[in-house]
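S.K.: My structure is below; once you've seen it, I'll send some questions.
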Amino acid sequence: MRWTRRRLGITLLGVMGIAIAAVPFLTDDRYLLKVLTFVGVNAIVVAGLALLFGYAGQISLGHAAFFGLGAYMSAYLTTTHQTPWLLAVLAGTGIAAAGGLLLALPSLRLKGHYLAMATLGFNEIMSVLFVELRGITGGNNGLSGIPFPSIGSFVIDTPAGIYLLVWGVAALAFLGAANLVRTRPGRAMRALHGSELGAVASGVDTTRLKVQVFALSAALAGLAGALYAHAVGFISPTQFSLEFSILLVAMVVVGGTGSLVGPFFAAVVLTLLQYVHALIPGLGNDVASVIQDWEVDISGMVMILTVIFLPGGFAALVRRKRIGVAVDGETV
Amino acid sequence: MTGKWLQRMLPATVVLTLVVASLAGCSQADSSSDEGGEETAKEPYTIGAVLSLSGTYAGLGEPEKNTIEMELERINEDGGVNGHPVKVVIEDDATDPAKAQAATVRLIEQVDVLAIIGATGTGQTMGMRGDIDRAGIPQVSVAGGTVVTAQFDPLVFQTPWSNSLVVPFTLSRLRDAGITKIALMYDTGGFGADGGDVVKATVGEYGISVVAEQTFNPGDTDMTAQLTMVKGSDAEAVVLWNAGKESAIVAKNMQQLSMMLPLYGCHGNARAEFAEGAGDAAEGFRFAAGKILLPETYGTDSMSYRVATDFVERYTERYGKAPDTFAGHAYDALYLIVEAMRRLPEGFTTAELRDEIERTDDFVGIGGIFTFTESDHNGMSEDDLVMYRIQDGAWVLDTP
Amino acid sequence: MDSAALLQFAIAGLKNGAIYALVALGFTLVFGSTGIINFAQGEFFMLGGMLAVFFVRLGLPLPIAVIAGVLATAGIGLAFERLALRPRRDSGPLVLIIITIGGSMVMKSLSRHVFGGSELSLPAFSEGPSIVVAGAAIERQAFWVWGLTIIAVVGLTWLYSKTKFGRSMRACSLSHEASRLMGIDTARIVMVSFGLAAVLGGIAGVVVAPLTQTSFDVGARIGVKGFAAAILGGLGNPIAAVVGGLTLGLVESMSIAFISSTYKDVIALVLLLLVLFVRPEGILGRATREKV
Amino acid sequence: MRLLAVCDLSKRFGGLAAVDGVSFDVHEGTIKAVIGPNGAGKSTLFNLITGFDRPDVGSVDLLGCNIVGMNPHKVVRAGISRTFQNTQLFEELTALDNVLVGMHTQLRTGFLGGALRLPWTLTEERRARERASYLLRLVGVEQYVMTPAADIPHGMRRLLEIARALAAAPRLLLLDEPAAGLNNRETQSLARTLYRIRDEGVTIVVVEHDMGLVMEVSEEIVVLDRGRKIAEGPPLLIQKDAAVIEAYLGEEGEYV
């Protein structure tokens, strides 16, 4: 029973993977591909945030800033210094990780609220710097003309190519995260979430672990930001605001703590919600504009209602049913 | 168990009902507004619009949307474009460049538009450029940033007076008033920083120097500290570049500090909310803007006067308040495209439409009289600007 | 820089600081009885101003409209606690933080739907030119700001230290479980503290509106500032909130005077982070020892 | 051989001396009990030894190395594991995963290895699971391998915590009231488990109120009262010690 259940899960994930990979071969709608590329970008950030919040129990209201750091770094290097794309993306990921490390070292001694404040403050500081460091960021006018991803002379300039690139990275991020939570560092994170005292007594260096997870999630945000910059071709400071940080946290909360699949689906749904009017065929113009107009209210309500009625997020809903049938402690 | 469940359910039900009810109310309210074009024989010409209907620039996007919807009805009642009804598909970019870009792709790919109006903001307009270029579709932006036309793109036109037009006009008036030292204040957001840059780059040409430079952030609630710095300088006038509610705070703080220096704003202050917010602190406040605020400045016998008064009347009647300059920018953008379409034969291409918009000559709009050239896609001149002064809470012409 | 100018900077700092302090008091109050940070506190500020304008436009005289605005805000605060927070009040702080974040999103967006997207004005409480003291000008509305801040902090200190209700609130902040065992109605305490926090936020919003106008999106910014002030001073006691608020305001205005107006927010936030890292309990906060 | 030497250990909280000049040795391969009335400072003593609290004065030597001032997780690496009076299990994790977390110091897989599932990660993981299963059998909770800790019966939870502590392969195991809340039969089986653990070469120090268990398993007993050591010696001597009886008579109900 347990085996078939697990196999079923893996099969479903496989089918989903194939479906995602097949999209660009089934449609050449550039809009659809673009929107789904944004979904993939957000999913990469959420993979890291799910580890940080859902597994290690640490809040961050500053991940939009790491996203922006990665985006600006990669965009700056490729536009101003003609750095090869791959190197620039790695640099973007690296600077976000370094930023995460620098922020985490002092902040993670702090508990819940103080950590929320520190990360929020960081986001606000970075927002100002994105505007003011004009030589690098282009100020309010933003950075335009960011080149497409390329390796050597091979340029990925079609929406389908960029879609596959982003989703390939997203798949790797989730696969890596899923592996991680089932081995030593991941177990330590879950332990930390359960009982910090118990984790310490088990020999887990909790401070070091928190710093590592924070830096990892910041790196993933930076990586997503760098990919985003090259997918969009234009970035400006308003995109990396506190609201985006909050939206990202909302995705993890709605998806559920201690789960990767839940936040993944929440990232998909909450990102698509912003474009829903254009994605559902036959939706009247008036209905569409109402949905667009009320998007923030809907997200906020979904967040509140989820937390009230599904404390563990949607993942818990699924898990609860599963535990009812067969005892399988493993979460994918 | 049941009791607890009920206890949880009850509040949620109330909230849900409220939300659903308000949603329903809203959709009813909205459904009437989108029934523009009537069915005619010829297939419609579709134009896209990317506007900020939510987010930071929601207050700007709203009059733009109102204007487009109102004018569209009139255009179609008059028989559309050469018998073709005109349809405008409006997308909300939520003041986010990425969403503006996605919306652009949708308008191009899914809706197959001939031209695009927007975006409301400069950042959003710039974010759209890559896809505009790829599709070769003309774009008429209603954003005021200098960069929109300064970073030239043959496909992109701009209807608001760009800062590179308003700044020289304002500086020349300062020079005429004998002022040589100014204090410059601007917000660090897109509009203010852009204006600040242009001022700093051009003051030299007018024999003026900036002796104090202070910034504030959008949303700041008090500028007395910045103004105290200004007070300590030997500035003879304050030049303020900002389009938000901070302008009123600056005016009020100056009054509070008993600063008698003349205060010069910009076209971003041409909003009723400013004069109302600043109250009597706004007395004597000068700003350059287009003529729509006082249509008689067009000259009462001019074509511009008739166009503007007609628009103001219809807008006021329909929406219960006078149109602001943003409404005017949307009006100009829509008609620049529609008029170009009217001049073209059946079956024109988007490239031909672009060329025709560029050939616009002496188009009488709300913002001014537009004449585009191969290198000027803003199309207006300093003649389209006048200097206003606020007197008894109202705009009056400030004659030099 | 002459002394009049310096005084002027100090006044600007103290005026903004008092506003931050009022918002910070709201944070402190809710934190005091529930142990959570109410991310919707900034929205109470926004609602106070918007509702007062709304009542003025309905034709109510200014004083009544102001009071009605504050009371309506309090009503919304109570309703929010009852509907959204009470069902999950036994959960960890993260869950409750998330609910308040969701609440702030909804409040902000709903008020845009109701009141529109552009800024609204409220008349000054008392008319007249500003008052000049030693060469520095103080506008009349500033005295309202200070006066209300003093009333609020004195009132709260009295409430905390002298009344049974206040003592119950402090007991709540130490342990809900223990308070319940002692016969304290913790649910009522939490609800009242939310109501009071909304009142404080509403007062701040109403008293600032004549100075700055108000709009649906002013909450987030002031929320961040108030939160920073509360943390800076030390969460949990009213005096600390005021010290935090005034410090933040002064740091900002002195940054403008001596460093740069562009980076004043950055300077203030960096200072906050430094305080947080060196002394997480805030300037006046008491260090709490963790029990094993 | 002397494994642990506690020397003149003191800790004050405010004005109160929680531990006051306590010294004793623990010899390798023995079971030692620490007893005393409530508030005698037993748990504080454990916290001082394991680095959860820092002593004001005194030293703790493990095989001749002073471990005072070490972070608790380093103390685990040095070879001392502990359990808590209020069990600190990871409630959402299965029993197996709880023990696997306990093996943290014994495993080497890092972030990269974990995320990439490198071949040697898998090998290590397989071995870890085998070892964890063995430990669960050793303490007798093997029937709950895949049960989340939250769903395991109370008595078994204490045993599970012992298994988790053992997973770090300690030389010295500190147990804080392992028999609290256990019934007679469970206490008997606990005693057997303690012997088995000792026979595996792990030295044990146990804080316990259940005198039956203490007298049965321990070779030596340290008695604390109000932070001070009032007696130390084999069970038979302790039972007759006047100071001990005095201390316990102060507290009603407990037999010696």
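We label chains A, B, ... in the order they appear in the structure tokens, count residues from 1 in each chain, and number ligands from 1 in the order shown.
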Would you mind writing down, as a ChimeraX atom specification, each residue of stretch 228-396 of chain B that DSSP on the backbone assigns to helix (DSSP H, G or I)?

M.R.: /B:228-231,246-256,267-269,272-282,291-293,295-298,303-319,325-343,350-358,382-384

S.K.: I'd like the neighbourhood of B:Gln110 as an NGL selection string, where a residue qualifies if any of its atoms comes within 12 Å (using only C-alpha atoms), though same-chain residues fewer than 3 positions away should be ignored.

M.R.: (:A and (28-32 or 278-279 or 281)) or (:B and (46 or 48 or 89 or 102-107 or 113))

S.K.: Output the contact residues of chain A with respect to chain C at a cut-off of 10 Å, based on only C-alpha atoms, as a ChimeraX atom specification.

M.R.: /A:53,57-59,103,105-122,124-129,132,197,242-243,246-247,249-250,253-254,293-309,311-312

S.K.: Residues of chain D within 9 Å of chain A, using only C-alpha atoms, as a ChimeraX atom specification?

M.R.: /D:50,52,71-77,81-84,87-94,97-98,100-105,107-117,121-122,125,146-148,164-165,167-168

S.K.: Please identify all residues of chain A having at least one atom at most 6 Å from any atom of chain B, considering only C-alpha atoms, and return them as JSON, numbers by chain.

M.R.: {"A": [31, 140, 141, 234, 286]}

S.K.: Mind checking which residues fall within 7 Å of stretch 275-283 of chain B, counting only C-alpha atoms, ignoring those fewer than 3 positions away in the same chain, and posting them as a ChimeraX atom specification?

M.R.: /B:248-249,251-252,255,272,390-393 /C:121,213

S.K.: Report as a CSV table (one decimal) with C-alpha atoms, in the first residue's frame all protein, DNA and RNA residues lying within 8 Å of D:Asp225, evaluated on only C-alpha atoms, omitting residues in the same chain fewer than 4 positions from it.

M.R.:
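Saved the output as part.csv:
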chain,number,residue,atom,x,y,z
D,36,GLY,CA,17.4,15.6,45.4
D,37,PRO,CA,14.2,17.3,46.3
D,39,GLY,CA,14.5,22.8,43.2
D,40,ALA,CA,17.7,21.1,44.4
D,41,GLY,CA,19.4,22.3,41.1
D,229,LYS,CA,26.0,18.4,47.2
D,230,ILE,CA,25.1,16.9,50.6
D,247,ALA,CA,16.6,16.8,53.3

S.K.: Taking only C-alpha atoms into account, which residues of chain D are within 10 Å of chain C, as a list in words?

M.R.: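 So the residues of chain D near chain C are Ser43, Thr44, Asn47, Phe52, Asp53, Phe84 and Asn86 of chain D.
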
S.K.: Can you tell me which residues surround C:Leu22 at a distance of at most 12 Å, considering only C-alpha atoms, apart from same-chain residues fewer than 2 positions away, and format the answer as a PyMOL selection string?

M.R.: chain C and resi 15-20+24-29+41-42+44-45+145-153+156+196-208+222-223+225-227+229-230+238-246

S.K.: Residues of chain B were defined as contacting chain C if any atom lay at most 7 Å from it, counting only C-alpha atoms; please report them as number ranges by chain.

M.R.: B: 8, 11-12, 58-59, 214-216, 219, 221, 224-226, 228-229, 245, 249, 256-257, 273, 276-277

S.K.: Using only C-alpha atoms, which protein or nucleic acid residues come within 12 Å of D:Asp210? Drop anything in the same chain fewer than 2 positions from it, and give the result as a tab-separated table (two decimals) with C-alpha atoms, in the first residue's frame.

M.R.:
chain	number	residue	atom	x	y	z
D	33	ALA	CA	22.24	9.01	39.64
D	34	VAL	CA	21.69	12.59	40.76
D	35	ILE	CA	18.83	12.93	43.22
D	36	GLY	CA	17.45	15.60	45.43
D	37	PRO	CA	14.20	17.32	46.34
D	176	ASP	CA	16.58	14.02	32.96
D	177	GLU	CA	13.82	12.11	34.76
D	178	PRO	CA	13.42	9.31	32.21
D	179	ALA	CA	10.88	7.46	34.37
D	180	ALA	CA	8.54	10.38	34.94
D	181	GLY	CA	5.05	9.35	33.97
D	182	LEU	CA	5.94	5.71	33.33
D	183	ASN	CA	4.02	2.85	34.93
D	184	ASN	CA	5.72	0.08	36.86
D	187	THR	CA	9.94	1.52	34.52
D	188	GLN	CA	11.18	-2.06	34.78
D	190	LEU	CA	13.52	1.19	31.28
D	191	ALA	CA	15.93	-0.24	33.81
D	206	VAL	CA	20.46	10.06	35.42
D	207	VAL	CA	18.38	12.59	37.32
D	208	GLU	CA	15.44	10.71	38.74
D	212	GLY	CA	13.20	2.28	43.13
D	213	LEU	CA	14.79	2.78	39.75
D	214	VAL	CA	17.65	4.83	41.18
D	215	MET	CA	18.52	2.24	43.80
D	216	GLU	CA	18.29	-0.54	41.24
D	217	VAL	CA	20.39	0.81	38.41
D	218	SER	CA	22.91	3.22	39.84
D	254	GLU	CA	8.83	10.75	49.17
D	255	TYR	CA	10.34	7.58	50.50
D	256	VAL	CA	14.00	6.78	50.56

S.K.: With only C-alpha atoms as the atoms that count, which of A:Gly40, A:Phe314, A:Asp157, A:Leu61 lies nearest to A:Thr257?

M.R.: A:Phe314

S.K.: Got a sec to tell me which of stretch 84-284 of chain C DSSP assigns to strand (DSSP E or B), as a list in words?

M.R.: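 Result set for stretch 84-284 of chain C (strand (DSSP E or B)): Leu120, Ile131, Val132, Val133, Ala136, Ala137, Ile138 and Thr214 of chain C.
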
S.K.: What does the file look like for those residues with C-alpha atoms, as a PDB file, in the first residue's frame?

M.R.:
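Final output, saved to again-v2.pdb:
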ATOM      1  CA  LEU C 120      -8.225  63.689   0.167  1.00  0.00           C
ATOM      2  CA  ILE C 131       3.697  80.168  16.194  1.00  0.00           C
ATOM      3  CA  VAL C 132       7.283  81.387  16.314  1.00  0.00           C
ATOM      4  CA  VAL C 133       9.480  80.325  19.208  1.00  0.00           C
ATOM      5  CA  ALA C 136      11.658  78.550  14.811  1.00  0.00           C
ATOM      6  CA  ALA C 137       8.117  78.210  13.498  1.00  0.00           C
ATOM      7  CA  ILE C 138       5.652  75.638  14.767  1.00  0.00           C
ATOM      8  CA  THR C 214      -4.433  61.275   3.082  1.00  0.00           C
TER       9      THR C 214
END

S.K.: Of the candidates B:Gly232, B:Pro44, B:Pro63, B:Pro138, which shows the shortest atom-to-atom distance to B:Pro323, using only C-alpha atoms?

M.R.: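 Of all the options, B:Pro63 lies closest to B:Pro323.
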
S.K.: Taking 4 positions as the minimum chain separation for residues in the same chain, which residues sit within 8 Å of A:Ala218 when counting only C-alpha atoms? Answer as a list in words.

M.R.: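 Here the qualifying residues turn out to be Gly48, His63, Phe66, Phe67, Ala96, Ala97, Gly99, Gly100, Phe214 and Gly222 of chain A.
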
S.K.: Residues of stretch 42-101 of chain B that approach stretch 336-358 of chain B to 9 Å or less, counting only C-alpha atoms: could you list each one with the shortest pair of atoms and its distance in Å to one decimal, rows by chain and increasing residue number, as a tab-separated table?

M.R.:
residue	atom	partner	partner_atom	distance
B:Ile47	CA	B:Ile337	CA	8.7
B:Ile75	CA	B:Val338	CA	8.8
B:Gly80	CA	B:Val338	CA	8.9
B:Val81	CA	B:Arg342	CA	5.5
B:Asn82	CA	B:Arg342	CA	6.3
B:Val86	CA	B:Val338	CA	8.4

S.K.: For a test of reading the model, state the distance in Å between atom CA of A:Ala266 and atom CA of A:Val15, rounded to one decimal.

M.R.: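 Atom CA of A:Val15 lies at a distance of 18.6 Å from atom CA of A:Ala266.
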